[in-house]
$ cat final_14.cif   # mmCIF, C-alpha atoms
data_input
#
loop_
_atom_site.label_atom_id
_atom_site.label_comp_id
_atom_site.auth_asym_id
_atom_site.auth_seq_id
_atom_site.Cartn_x
_atom_site.Cartn_y
_atom_site.Cartn_z
CA MET A 1251 0.00 0.00 0.00
CA ALA A 1252 1.17 3.52 -0.82
CA GLU A 1253 0.20 6.43 1.34
CA ARG A 1254 0.91 10.13 1.35
CA THR A 1255 -0.41 13.08 3.31
CA VAL A 1256 -0.43 16.39 1.48
CA THR A 1257 -1.73 19.91 1.90
CA VAL A 1258 -4.04 21.07 -0.87
CA SER A 1259 -2.49 24.09 -2.57
CA LEU A 1260 -4.88 24.43 -5.50
CA ARG A 1261 -5.96 28.05 -5.49
CA THR A 1262 -9.64 27.20 -5.52
CA GLY A 1263 -9.44 23.98 -3.50
CA LEU A 1264 -11.23 20.97 -4.94
CA GLN A 1265 -14.23 22.78 -6.33
CA ALA A 1266 -16.48 20.99 -8.79
CA ARG A 1267 -14.30 21.34 -11.89
CA PRO A 1268 -10.96 20.59 -10.24
CA ALA A 1269 -12.61 17.71 -8.38
CA ALA A 1270 -13.81 16.31 -11.71
CA LEU A 1271 -10.28 16.55 -13.11
CA PHE A 1272 -8.90 14.87 -9.99
CA VAL A 1273 -11.37 11.99 -10.28
CA GLN A 1274 -10.64 11.70 -13.99
CA GLU A 1275 -6.95 11.35 -13.22
CA ALA A 1276 -7.61 8.80 -10.46
CA ASN A 1277 -9.64 6.72 -12.89
CA LYS A 1278 -6.61 6.34 -15.12
CA PHE A 1279 -5.02 4.02 -12.56
CA SER A 1280 -6.10 0.47 -11.99
CA CYS A 1281 -5.38 0.44 -8.26
CA GLU A 1282 -7.90 1.27 -5.55
CA VAL A 1283 -7.40 4.86 -4.39
CA THR A 1284 -8.96 6.47 -1.36
CA LEU A 1285 -8.84 10.01 -0.11
CA GLU A 1286 -9.17 10.82 3.56
CA LYS A 1287 -9.89 14.08 5.28
CA ASP A 1288 -10.74 14.59 8.98
CA GLY A 1289 -11.10 10.85 9.51
CA LYS A 1290 -13.56 10.42 6.63
CA SER A 1291 -12.42 8.33 3.74
CA VAL A 1292 -13.93 8.15 0.24
CA ASN A 1293 -13.17 6.44 -3.04
CA ALA A 1294 -11.01 8.89 -5.01
CA LYS A 1295 -12.57 7.65 -8.25
CA SER A 1296 -16.02 8.83 -7.22
CA ILE A 1297 -16.88 12.43 -8.02
CA MET A 1298 -19.73 12.65 -5.56
CA GLY A 1299 -17.58 11.13 -2.79
CA VAL A 1300 -14.72 13.56 -3.38
CA MET A 1301 -17.02 16.57 -3.42
CA SER A 1302 -18.82 15.43 -0.27
CA LEU A 1303 -15.64 15.91 1.75
CA VAL A 1304 -15.48 19.63 0.90
CA ILE A 1305 -11.76 20.14 0.40
CA PRO A 1306 -10.72 23.81 0.33
CA ARG A 1307 -7.23 25.18 -0.23
CA GLY A 1308 -5.07 24.45 2.81
CA ALA A 1309 -6.88 21.25 3.78
CA VAL A 1310 -4.71 18.31 4.72
CA ILE A 1311 -5.66 15.08 2.98
CA THR A 1312 -4.27 11.58 2.94
CA LEU A 1313 -4.12 9.58 -0.26
CA ARG A 1314 -3.93 5.80 -0.05
CA ALA A 1315 -3.63 3.39 -2.93
CA GLN A 1316 -3.49 -0.35 -3.21
CA GLY A 1317 -2.78 -2.26 -6.39
CA ASN A 1318 -0.34 -2.55 -9.26
CA ASP A 1319 0.27 1.11 -9.89
CA GLU A 1320 -0.23 2.36 -6.33
CA ASP A 1321 3.00 4.37 -6.16
CA GLN A 1322 2.42 6.19 -9.43
CA ALA A 1323 -1.18 6.91 -8.48
CA VAL A 1324 -0.36 8.44 -5.12
CA GLU A 1325 2.50 10.44 -6.59
CA ARG A 1326 0.47 11.77 -9.51
CA LEU A 1327 -2.58 12.70 -7.44
CA ALA A 1328 -0.52 14.28 -4.66
CA ALA A 1329 1.29 16.37 -7.26
CA MET A 1330 -2.03 17.42 -8.72
CA VAL A 1331 -3.50 18.79 -5.49
CA SER A 1332 -0.29 20.36 -4.26
CA ALA A 1333 0.16 22.36 -7.47
CA GLU A 1334 -0.84 26.01 -7.25
CA GLU A 1335 -2.95 26.02 -10.38
CA MET B 1422 -28.85 30.61 -57.30
CA ASP B 1423 -28.90 28.01 -54.51
CA LYS B 1424 -32.37 26.96 -53.51
CA TYR B 1425 -35.49 28.05 -55.28
CA VAL B 1426 -39.21 27.46 -55.62
CA THR B 1427 -40.87 27.73 -59.00
CA VAL B 1428 -43.89 29.94 -59.44
CA ALA B 1429 -45.91 26.84 -60.41
CA GLU B 1430 -45.13 25.25 -57.02
CA LEU B 1431 -46.15 28.43 -55.29
CA CYS B 1432 -49.49 28.46 -57.12
CA ASP B 1433 -50.17 24.85 -56.11
CA GLU B 1434 -49.28 25.42 -52.50
CA LEU B 1435 -51.25 28.62 -51.99
CA SER B 1436 -54.03 27.84 -54.51
CA LEU B 1437 -53.35 30.93 -56.58
CA GLU B 1438 -55.12 31.33 -59.91
CA VAL B 1439 -53.11 32.19 -62.96
CA ALA B 1440 -54.68 35.13 -64.77
CA ALA B 1441 -51.99 35.59 -67.39
CA GLY B 1442 -48.38 34.85 -68.26
CA GLU B 1443 -48.55 31.02 -67.98
CA GLU B 1444 -45.32 30.82 -70.00
CA GLY B 1445 -43.49 32.15 -66.96
CA LEU B 1446 -44.63 29.53 -64.46
CA GLU B 1447 -41.16 27.99 -64.41
CA ARG B 1448 -39.65 31.26 -63.19
CA ARG B 1449 -37.74 30.81 -59.94
CA ILE B 1450 -38.20 32.43 -56.55
CA GLY B 1451 -34.97 32.52 -54.59
CA THR B 1452 -35.85 34.79 -51.70
CA ALA B 1453 -38.51 34.64 -49.00
CA GLU B 1454 -38.86 38.40 -48.96
CA ILE B 1455 -41.94 39.97 -50.47
CA ASN B 1456 -42.28 43.38 -52.09
CA ARG B 1457 -45.23 45.68 -52.60
CA PRO B 1458 -44.35 47.62 -55.74
CA GLY B 1459 -46.15 50.86 -54.82
CA LEU B 1460 -43.06 53.01 -55.10
CA ALA B 1461 -41.99 51.30 -58.31
CA LEU B 1462 -45.39 52.11 -59.85
CA THR B 1463 -44.85 55.77 -59.11
CA GLY B 1464 -41.86 55.50 -61.41
CA PHE B 1465 -39.10 55.28 -58.79
CA LEU B 1466 -37.20 52.15 -59.80
CA LYS B 1467 -33.89 52.71 -58.07
CA TYR B 1468 -33.35 49.83 -55.56
CA PHE B 1469 -36.45 48.09 -56.91
CA PRO B 1470 -36.17 44.52 -55.52
CA SER B 1471 -37.33 42.84 -58.69
CA GLU B 1472 -36.20 39.38 -57.56
CA ARG B 1473 -38.98 39.26 -54.97
CA VAL B 1474 -42.57 38.17 -55.34
CA GLN B 1475 -44.54 41.36 -55.98
CA VAL B 1476 -47.86 41.77 -54.22
CA ILE B 1477 -50.42 44.23 -55.54
CA GLY B 1478 -53.18 45.11 -53.11
CA ARG B 1479 -55.92 47.64 -52.88
CA SER B 1480 -53.70 50.71 -52.56
CA GLU B 1481 -51.58 49.86 -55.62
CA MET B 1482 -54.72 49.17 -57.64
CA ALA B 1483 -56.34 52.40 -56.51
CA PHE B 1484 -53.19 54.27 -57.42
CA LEU B 1485 -53.08 52.74 -60.90
CA SER B 1486 -56.70 53.59 -61.59
CA SER B 1487 -56.02 57.20 -60.61
CA LEU B 1488 -53.52 57.51 -63.47
CA PRO B 1489 -54.42 58.17 -67.08
CA GLN B 1490 -54.64 54.79 -68.82
CA ALA B 1491 -51.61 55.18 -71.07
CA GLU B 1492 -49.44 56.24 -68.19
CA ALA B 1493 -50.62 53.35 -65.99
CA MET B 1494 -49.76 50.94 -68.83
CA GLU B 1495 -46.31 52.37 -69.20
CA ARG B 1496 -45.58 52.18 -65.45
CA LEU B 1497 -46.72 48.57 -65.35
CA GLN B 1498 -44.61 47.70 -68.40
CA ARG B 1499 -41.52 49.08 -66.72
CA VAL B 1500 -42.12 46.97 -63.60
CA PHE B 1501 -42.94 43.80 -65.54
CA ALA B 1502 -39.93 44.23 -67.80
CA TYR B 1503 -37.45 42.97 -65.20
CA GLU B 1504 -35.96 39.65 -66.33
CA ASN B 1505 -35.72 38.26 -62.79
CA LEU B 1506 -39.22 39.26 -61.71
CA PRO B 1507 -40.74 35.96 -60.50
CA CYS B 1508 -44.43 36.81 -60.44
CA VAL B 1509 -47.03 39.37 -59.45
CA VAL B 1510 -49.94 38.52 -57.15
CA ILE B 1511 -53.22 40.44 -56.98
CA THR B 1512 -54.92 40.05 -53.60
CA ARG B 1513 -58.40 40.50 -52.13
CA ASP B 1514 -60.13 39.14 -55.21
CA LEU B 1515 -59.60 42.56 -56.81
CA GLU B 1516 -60.58 42.78 -60.42
CA VAL B 1517 -57.73 41.91 -62.77
CA THR B 1518 -57.86 44.65 -65.38
CA GLU B 1519 -57.36 44.00 -69.09
CA ASP B 1520 -54.33 46.26 -69.00
CA LEU B 1521 -52.68 44.11 -66.33
CA VAL B 1522 -53.44 40.92 -68.27
CA ALA B 1523 -52.03 42.44 -71.45
CA VAL B 1524 -48.83 43.65 -69.80
CA ALA B 1525 -48.25 40.33 -67.99
CA ALA B 1526 -48.90 38.29 -71.13
CA GLU B 1527 -46.55 40.41 -73.17
CA ALA B 1528 -43.78 40.18 -70.54
CA LYS B 1529 -44.51 36.45 -69.95
CA VAL B 1530 -44.58 37.10 -66.21
CA PRO B 1531 -47.19 35.07 -64.30
CA LEU B 1532 -49.99 37.25 -63.02
CA LEU B 1533 -51.62 35.49 -60.08
CA HIS B 1534 -54.84 36.08 -58.30
CA THR B 1535 -56.07 35.26 -54.79
CA THR B 1536 -59.07 35.94 -52.56
CA LEU B 1537 -56.82 36.38 -49.52
CA SER B 1538 -56.22 39.82 -48.06
CA THR B 1539 -52.76 41.29 -48.57
CA PRO B 1540 -51.44 40.73 -45.02
CA ARG B 1541 -52.76 37.14 -44.93
CA LEU B 1542 -51.19 36.38 -48.29
CA ILE B 1543 -47.86 37.91 -47.26
CA ALA B 1544 -47.85 35.86 -44.04
CA LYS B 1545 -48.57 32.65 -45.94
CA LEU B 1546 -46.04 33.44 -48.66
CA THR B 1547 -43.34 34.22 -46.15
CA SER B 1548 -43.80 31.09 -44.08
CA PHE B 1549 -44.00 28.86 -47.14
CA LEU B 1550 -40.94 30.42 -48.76
CA ASP B 1551 -39.00 30.50 -45.47
CA LEU B 1552 -39.54 26.78 -45.07
CA ARG B 1553 -38.79 25.88 -48.67
CA LEU B 1554 -35.74 28.11 -48.99
CA ALA B 1555 -34.25 27.27 -45.58
CA PRO B 1556 -30.72 25.82 -45.57
CA GLU B 1557 -30.94 22.07 -45.37
CA THR B 1558 -28.77 19.09 -44.59
CA LEU B 1559 -29.11 15.35 -44.14
CA VAL B 1560 -27.73 13.77 -40.96
CA HIS B 1561 -27.22 10.12 -40.17
CA GLY B 1562 -29.07 9.61 -36.92
CA VAL B 1563 -32.41 9.14 -35.24
CA LEU B 1564 -34.75 11.96 -34.25
CA VAL B 1565 -37.11 11.34 -31.36
CA ASP B 1566 -39.45 13.50 -29.31
CA VAL B 1567 -39.02 12.65 -25.64
CA TYR B 1568 -41.23 14.56 -23.21
CA GLY B 1569 -41.50 17.28 -25.82
CA ILE B 1570 -37.75 17.67 -26.32
CA GLY B 1571 -36.48 16.91 -29.81
CA ILE B 1572 -33.39 14.74 -29.44
CA LEU B 1573 -31.12 13.87 -32.31
CA MET B 1574 -29.26 10.65 -31.54
CA VAL B 1575 -26.10 10.17 -33.54
CA GLY B 1576 -23.30 7.64 -33.42
CA ALA B 1577 -21.61 4.92 -35.39
CA SER B 1578 -23.66 2.43 -37.33
CA GLY B 1579 -24.74 -0.50 -35.15
CA ILE B 1580 -24.27 1.32 -31.85
CA GLY B 1581 -27.97 0.92 -31.06
CA LYS B 1582 -29.69 4.14 -32.11
CA SER B 1583 -32.67 2.42 -33.68
CA GLU B 1584 -32.99 -0.07 -30.82
CA THR B 1585 -33.03 2.84 -28.40
CA ALA B 1586 -35.71 4.54 -30.49
CA LEU B 1587 -37.73 1.34 -30.32
CA GLU B 1588 -37.48 1.22 -26.56
CA LEU B 1589 -38.49 4.90 -26.38
CA LEU B 1590 -41.51 4.18 -28.59
CA LYS B 1591 -42.50 1.37 -26.25
CA ARG B 1592 -42.32 3.85 -23.42
CA GLY B 1593 -44.78 6.14 -25.15
CA HIS B 1594 -42.41 8.62 -26.80
CA ARG B 1595 -42.47 9.60 -30.44
CA MET B 1596 -40.24 9.03 -33.38
CA VAL B 1597 -39.69 11.49 -36.19
CA ALA B 1598 -37.04 9.83 -38.32
CA ASP B 1599 -34.78 6.82 -38.22
CA ASP B 1600 -31.41 6.57 -39.92
CA ALA B 1601 -31.68 9.71 -42.04
CA VAL B 1602 -32.90 13.03 -40.71
CA GLU B 1603 -33.49 16.01 -42.98
CA ILE B 1604 -32.63 19.12 -41.01
CA ARG B 1605 -33.67 22.63 -41.97
CA LYS B 1606 -32.62 25.83 -40.32
CA ILE B 1607 -35.58 28.10 -39.96
CA GLY B 1608 -34.81 31.62 -38.88
CA GLU B 1609 -31.58 32.15 -36.96
CA ASP B 1610 -32.02 29.77 -34.06
CA THR B 1611 -34.31 26.92 -34.96
CA LEU B 1612 -33.41 23.55 -36.41
CA VAL B 1613 -36.31 21.41 -37.52
CA GLY B 1614 -35.92 17.77 -38.47
CA THR B 1615 -38.13 15.58 -40.63
CA ALA B 1616 -37.88 12.17 -42.20
CA PRO B 1617 -37.14 11.97 -45.92
CA PRO B 1618 -40.57 11.40 -47.55
CA LEU B 1619 -39.74 7.82 -48.54
CA LEU B 1620 -38.68 6.83 -45.03
CA GLN B 1621 -41.48 8.44 -43.05
CA HIS B 1622 -42.63 6.32 -40.07
CA LEU B 1623 -40.11 3.61 -40.89
CA LEU B 1624 -37.29 2.22 -38.82
CA GLU B 1625 -34.89 -0.58 -39.35
CA ILE B 1626 -33.90 -3.07 -36.66
CA ARG B 1627 -31.16 -5.54 -37.40
CA GLY B 1628 -32.63 -9.01 -37.49
CA LEU B 1629 -36.18 -7.78 -38.00
CA GLY B 1630 -35.81 -5.60 -41.04
CA VAL B 1631 -37.90 -2.56 -41.90
CA LEU B 1632 -40.75 -1.78 -39.51
CA ASN B 1633 -43.51 0.82 -39.66
CA ALA B 1634 -43.73 2.63 -36.33
CA MET B 1635 -47.17 4.03 -37.07
CA THR B 1636 -48.82 0.71 -37.85
CA LEU B 1637 -47.00 -1.02 -34.98
CA PHE B 1638 -47.41 1.59 -32.26
CA GLY B 1639 -50.25 3.79 -33.50
CA ALA B 1640 -50.60 7.36 -34.71
CA GLY B 1641 -49.50 8.71 -31.33
CA ALA B 1642 -46.05 7.23 -31.80
CA ILE B 1643 -44.92 9.37 -34.68
CA ARG B 1644 -44.43 12.99 -35.58
CA THR B 1645 -43.82 14.45 -39.00
CA HIS B 1646 -41.37 17.07 -37.78
CA LYS B 1647 -39.83 18.34 -34.59
CA ARG B 1648 -37.60 21.17 -33.47
CA ILE B 1649 -34.24 19.75 -32.45
CA GLU B 1650 -33.18 20.90 -29.02
CA MET B 1651 -30.27 18.65 -28.23
CA MET B 1652 -28.00 16.06 -29.68
CA ILE B 1653 -26.89 12.87 -27.95
CA GLU B 1654 -23.90 11.09 -29.33
CA LEU B 1655 -23.75 7.40 -28.50
CA GLU B 1656 -20.31 5.89 -28.56
CA ALA B 1657 -18.76 2.60 -27.57
CA TRP B 1658 -17.39 2.80 -24.05
CA GLN B 1659 -13.66 3.43 -24.05
CA ASP B 1660 -11.85 2.91 -20.76
CA ASP B 1661 -9.22 5.48 -21.56
CA ARG B 1662 -11.71 8.21 -22.38
CA SER B 1663 -13.13 10.41 -19.68
CA TYR B 1664 -16.82 11.15 -19.81
CA ASP B 1665 -18.54 14.15 -18.35
CA ARG B 1666 -19.11 13.49 -14.69
CA LEU B 1667 -20.59 16.83 -13.68
CA GLY B 1668 -22.59 18.28 -16.52
CA LEU B 1669 -21.41 21.79 -15.64
CA ASP B 1670 -20.15 22.57 -19.10
CA GLU B 1671 -22.20 22.14 -22.23
CA ASN B 1672 -20.58 20.80 -25.33
CA LYS B 1673 -21.81 22.23 -28.59
CA ARG B 1674 -21.91 20.72 -32.04
CA LYS B 1675 -22.54 22.72 -35.18
CA ILE B 1676 -25.31 21.85 -37.60
CA LEU B 1677 -25.99 24.35 -40.39
CA ASP B 1678 -23.97 26.91 -38.42
CA PHE B 1679 -26.22 26.52 -35.41
CA GLU B 1680 -24.66 25.40 -32.13
CA LEU B 1681 -26.59 22.51 -30.69
CA THR B 1682 -26.07 21.23 -27.14
CA CYS B 1683 -24.40 17.84 -27.39
CA LEU B 1684 -24.02 15.11 -24.78
CA THR B 1685 -21.76 12.12 -25.29
CA VAL B 1686 -23.19 8.99 -23.73
CA PRO B 1687 -20.98 5.90 -23.58
CA VAL B 1688 -22.69 2.65 -24.44
CA ARG B 1689 -21.94 -0.67 -22.86
CA PRO B 1690 -23.92 -3.82 -22.24
CA GLY B 1691 -26.31 -3.42 -19.36
CA ARG B 1692 -26.72 0.34 -19.67
CA ASN B 1693 -30.32 1.19 -20.36
CA LEU B 1694 -29.99 3.89 -22.98
CA ALA B 1695 -33.69 4.64 -23.24
CA ILE B 1696 -33.81 5.61 -19.58
CA ILE B 1697 -30.68 7.70 -19.92
CA ILE B 1698 -32.20 9.54 -22.86
CA GLU B 1699 -35.47 10.07 -21.02
CA VAL B 1700 -33.61 11.54 -18.08
CA ALA B 1701 -31.46 13.70 -20.36
CA ALA B 1702 -34.69 15.10 -21.83
CA MET B 1703 -36.17 15.80 -18.41
CA ASN B 1704 -32.93 17.39 -17.25
CA GLN B 1705 -32.93 19.59 -20.34
CA ARG B 1706 -36.45 20.72 -19.46
CA LEU B 1707 -35.35 21.52 -15.93
CA LYS B 1708 -32.44 23.58 -17.26
CA ARG B 1709 -34.83 25.41 -19.56
CA MET B 1710 -36.98 26.19 -16.52
CA GLY B 1711 -33.93 27.52 -14.72
CA TYR B 1712 -32.87 24.63 -12.50
CA HIS B 1713 -29.39 23.29 -13.02
CA ALA B 1714 -28.46 20.48 -10.60
CA ALA B 1715 -24.73 20.51 -11.33
CA ARG B 1716 -24.50 24.27 -10.94
CA GLU B 1717 -26.37 24.18 -7.69
CA LEU B 1718 -24.09 21.49 -6.28
CA SER B 1719 -21.04 23.44 -7.41
CA GLU B 1720 -22.30 26.60 -5.72
CA LYS B 1721 -23.12 24.76 -2.52
CA LEU B 1722 -19.66 23.23 -2.51
CA MET B 1723 -18.06 26.64 -2.94
CA SER B 1724 -20.02 28.17 -0.09
CA SER B 1725 -19.20 25.19 2.17
CA MET B 1726 -15.54 25.83 1.47
CA VAL B 1727 -15.89 29.47 2.44
CA GLU B 1728 -17.59 28.48 5.70
CA GLN B 1729 -14.77 26.09 6.51
CA ASP B 1730 -12.28 28.87 5.93
CA ASP B 1731 -13.97 31.17 8.46
#
$ encode --input "final_14.cif" --output "structure tokens"
Amino acid sequence: MAERTVTVSLRTGLQARPAALFVQEANKFSCEVTLEKDGKSVNAKSIMGVMSLVIPRGAVITLRAQGNDEDQAVERLAAMVSAEE
Amino acid sequence: MDKYVTVAELCDELSLEVAAGEEGLERRIGTAEINRPGLALTGFLKYFPSERVQVIGRSEMAFLSSLPQAEAMERLQRVFAYENLPCVVITRDLEVTEDLVAVAAEAKVPLLHTTLSTPRLIAKLTSFLDLRLAPETLVHGVLVDVYGIGILMVGASGIGKSETALELLKRGHRMVADDAVEIRKIGEDTLVGTAPPLLQHLLEIRGLGVLNAMTLFGAGAIRTHKRIEMMIELEAWQDDRSYDRLGLDENKRKILDFELTCLTVPVRPGRNLAIIIEVAAMNQRLKRMGYHAARELSEKLMSSMVEQDD
């Protein structure tokens, strides 16, 4: 299992459009990916789940992945949310 | 000249009588605009739109009869002399004078006659010509009316457009055209689709062959034409392609230079397309009434983020 905790730096946080992009990216990997915030964990491939967490800029989230491409998935998604734009 | 209607077709459609100038019935009308030649009859022929159908009503007639006969003849001759003049219509069952008949016959311009009043005739002429002269194209797809929304389904051959139409028919919706849809642009912002005359009411289902939707499902199952409000593209599910998950942004597709809202719906076994199309139609109605689920969610999410910040 791969795990990483990151601070969300996206200027707008994970609003609807960025959340959709995030989920789209997560869906490119075959491993199971979850996203946790404040003790609540959701499937990172589910748009409704990701939005339900309400993740603004500055939130601290933990990404966990399990499967073939777990390392790449965690790395790619962490990079995505910690980018400024 | 691109599209045209012959004067003979116009006479048939609007039941106009030919009073003179039968030789000119094959003249072509290429514009839906109508002209009343009052000013031209006064002798002012600069900018005279001779390519339009000319309508002579009570005021033009009254004006002509106020002139000395020779002068009236000469004015008429000058108007009828235009090579591209399609025809002249006399309205209100006004008497067609011998002078008019003589001038029209000499110029070989059809002189037509109707009992309709001038405004009624102009309204009928304009809507008939607008329809017949509208830009037109043929699209491979299926046009259905679902809850009053005209939906053009497109997609590769064999993807299941006709089968989906069949399921929609079973559910009480209506079909306009299967396989080939003739689309006309009427005015600036309206696309209207019909079936080619030969294919009206027919659909083809692989394994069954050609079926008649009207005889199978009844007169309530078909429509002759429908305004197209959205387009749904069916495509085989591709794992590496991302599909719209939110519905915040509308994709547009151009038909006859008109931008039509377009959804792409991936098809795979077990997905009930008819239900998806029904819901897309209902959602389109909601949007038209001002409710947009995706936008509302997005706004709620934004305000929740602001609250968390505080």
$ interface_residues --input "final_14.cif" --of "chain B" --to "chain A" --cutoff "9 Å" --atoms "all atoms listed in the file" --output "list in words"
Asp1660, Asp1661, Ser1663, Tyr1664, Asp1665, Arg1666, Leu1667, Leu1669, Ala1715, Arg1716, Leu1718, Ser1719, Glu1720, Leu1722, Met1723, Ser1725, Met1726, Val1727, Gln1729 and Asp1730 of chain B
$ write_last_selection --input "final_14.cif" --atoms "C-alpha atoms" --output "PDB file, in the frame of the given file"
ATOM      1  CA  ASP B1660     -11.850   2.910 -20.760  1.00  0.00           C
ATOM      2  CA  ASP B1661      -9.220   5.480 -21.560  1.00  0.00           C
ATOM      3  CA  SER B1663     -13.130  10.410 -19.680  1.00  0.00           C
ATOM      4  CA  TYR B1664     -16.820  11.150 -19.810  1.00  0.00           C
ATOM      5  CA  ASP B1665     -18.540  14.150 -18.350  1.00  0.00           C
ATOM      6  CA  ARG B1666     -19.110  13.490 -14.690  1.00  0.00           C
ATOM      7  CA  LEU B1667     -20.590  16.830 -13.680  1.00  0.00           C
ATOM      8  CA  LEU B1669     -21.410  21.790 -15.640  1.00  0.00           C
ATOM      9  CA  ALA B1715     -24.730  20.510 -11.330  1.00  0.00           C
ATOM     10  CA  ARG B1716     -24.500  24.270 -10.940  1.00  0.00           C
ATOM     11  CA  LEU B1718     -24.090  21.490  -6.280  1.00  0.00           C
ATOM     12  CA  SER B1719     -21.040  23.440  -7.410  1.00  0.00           C
ATOM     13  CA  GLU B1720     -22.300  26.600  -5.720  1.00  0.00           C
ATOM     14  CA  LEU B1722     -19.660  23.230  -2.510  1.00  0.00           C
ATOM     15  CA  MET B1723     -18.060  26.640  -2.940  1.00  0.00           C
ATOM     16  CA  SER B1725     -19.200  25.190   2.170  1.00  0.00           C
ATOM     17  CA  MET B1726     -15.540  25.830   1.470  1.00  0.00           C
ATOM     18  CA  VAL B1727     -15.890  29.470   2.440  1.00  0.00           C
ATOM     19  CA  GLN B1729     -14.770  26.090   6.510  1.00  0.00           C
ATOM     20  CA  ASP B1730     -12.280  28.870   5.930  1.00  0.00           C
TER      21      ASP B1730
END
$ atom_distance --input "final_14.cif" --atom1 "atom CA of Arg1254 of chain A" --atom2 "atom CA of Glu1335 of chain A"
20.1 Å
$ closest_residue --input "final_14.cif" --among "A:Thr1255, A:Ser1332, A:Thr1312, A:Asn1318" --to "Ala1294 of chain A" --atoms "only C-alpha atoms"
A:Thr1312
$ atom_distance --input "final_14.cif" --atom1 "atom CA of Thr1682 of chain B" --atom2 "atom CA of Asp1600 of chain B"
20.2 Å
$ resolve_selection --input "final_14.cif" --expression "the PyMOL selection byres ((chain B and resi 1485) around 12)" --output "PyMOL selection string"
chain B and resi 1458-1464+1477-1484+1486-1497+1517-1518+1520-1521
$ atom_distance --input "final_14.cif" --atom1 "atom CA of Glu1650 of chain B" --atom2 "atom CA of Gly1451 of chain B"
28.1 Å
$ resolve_selection --input "final_14.cif" --expression "the PyMOL selection byres ((chain B and resi 1528) around 9)" --output "number ranges by chain"
B: 1442, 1445, 1498, 1501-1504, 1523-1527, 1529-1531
$ residues_around --input "final_14.cif" --residues "segment 1629-1639 of chain B" --least-positions-apart "2" --cutoff "10 Å" --atoms "all atoms listed in the file" --output "MDAnalysis selection string"
chainID B and resid 1587 1590:1591 1593 1595:1597 1620:1627 1641:1644
$ resolve_selection --input "final_14.cif" --expression "the PyMOL selection byres ((chain B and resi 1608) around 10)" --output "ChimeraX atom specification"
/B:1551-1552,1555-1556,1605-1607,1609-1612
$ closest_residue --input "final_14.cif" --among "A:Val1258, A:Val1283, A:Ala1276, A:Lys1290" --to "Ala1315 of chain A" --atoms "only C-alpha atoms"
A:Val1283
$ residues_around --input "final_14.cif" --residues "Leu1694 of chain B" --least-positions-apart "4" --cutoff "8 Å" --atoms "only C-alpha atoms" --output "list of chain:residue names"
B:Thr1585, B:Val1688, B:Ile1698
$ closest_residue --input "final_14.cif" --among "A:Val1300, A:Cys1281, A:Ala1252, A:Leu1260" --to "Val1324 of chain A" --atoms "all atoms listed in the file"
A:Ala1252
$ axis_aligned_box --input "final_14.cif" --around "segment 1687-1704 of chain B" --padding-each-side "6 Å" --output "AutoDock Vina command-line options"
--center_x -28.6 --center_y 6.8 --center_z -20.8 --size_x 27.2 --size_y 33.2 --size_z 19.2
$ residues_near_point --input "final_14.cif" --point "(-8.7, 12.0, 0.0)" --cutoff "8 Å" --atoms "all atoms listed in the file" --output "list in words"
Thr1284, Leu1285, Glu1286, Lys1287, Ser1291, Val1292, Asn1293, Ala1294, Val1300, Ile1311, Thr1312, Leu1313 and Arg1314 of chain A
$ write_last_selection --input "final_14.cif" --atoms "C-alpha atoms" --output "PDB file, keeping the file's coordinate frame"
ATOM      1  CA  THR A1284      -8.960   6.470  -1.360  1.00  0.00           C
ATOM      2  CA  LEU A1285      -8.840  10.010  -0.110  1.00  0.00           C
ATOM      3  CA  GLU A1286      -9.170  10.820   3.560  1.00  0.00           C
ATOM      4  CA  LYS A1287      -9.890  14.080   5.280  1.00  0.00           C
ATOM      5  CA  SER A1291     -12.420   8.330   3.740  1.00  0.00           C
ATOM      6  CA  VAL A1292     -13.930   8.150   0.240  1.00  0.00           C
ATOM      7  CA  ASN A1293     -13.170   6.440  -3.040  1.00  0.00           C
ATOM      8  CA  ALA A1294     -11.010   8.890  -5.010  1.00  0.00           C
ATOM      9  CA  VAL A1300     -14.720  13.560  -3.380  1.00  0.00           C
ATOM     10  CA  ILE A1311      -5.660  15.080   2.980  1.00  0.00           C
ATOM     11  CA  THR A1312      -4.270  11.580   2.940  1.00  0.00           C
ATOM     12  CA  LEU A1313      -4.120   9.580  -0.260  1.00  0.00           C
ATOM     13  CA  ARG A1314      -3.930   5.800  -0.050  1.00  0.00           C
TER      14      ARG A1314
END
$ closest_residue --input "final_14.cif" --among "A:Lys1295, A:Phe1279, A:Arg1261, A:Asp1288" --to "Ala1323 of chain A" --atoms "all atoms listed in the file"
A:Phe1279
$ closest_residue --input "final_14.cif" --among "B:Met1710, B:Val1428, B:Ile1653, B:Ala1616" --to "Ala1695 of chain B" --atoms "all atoms listed in the file"
B:Ile1653
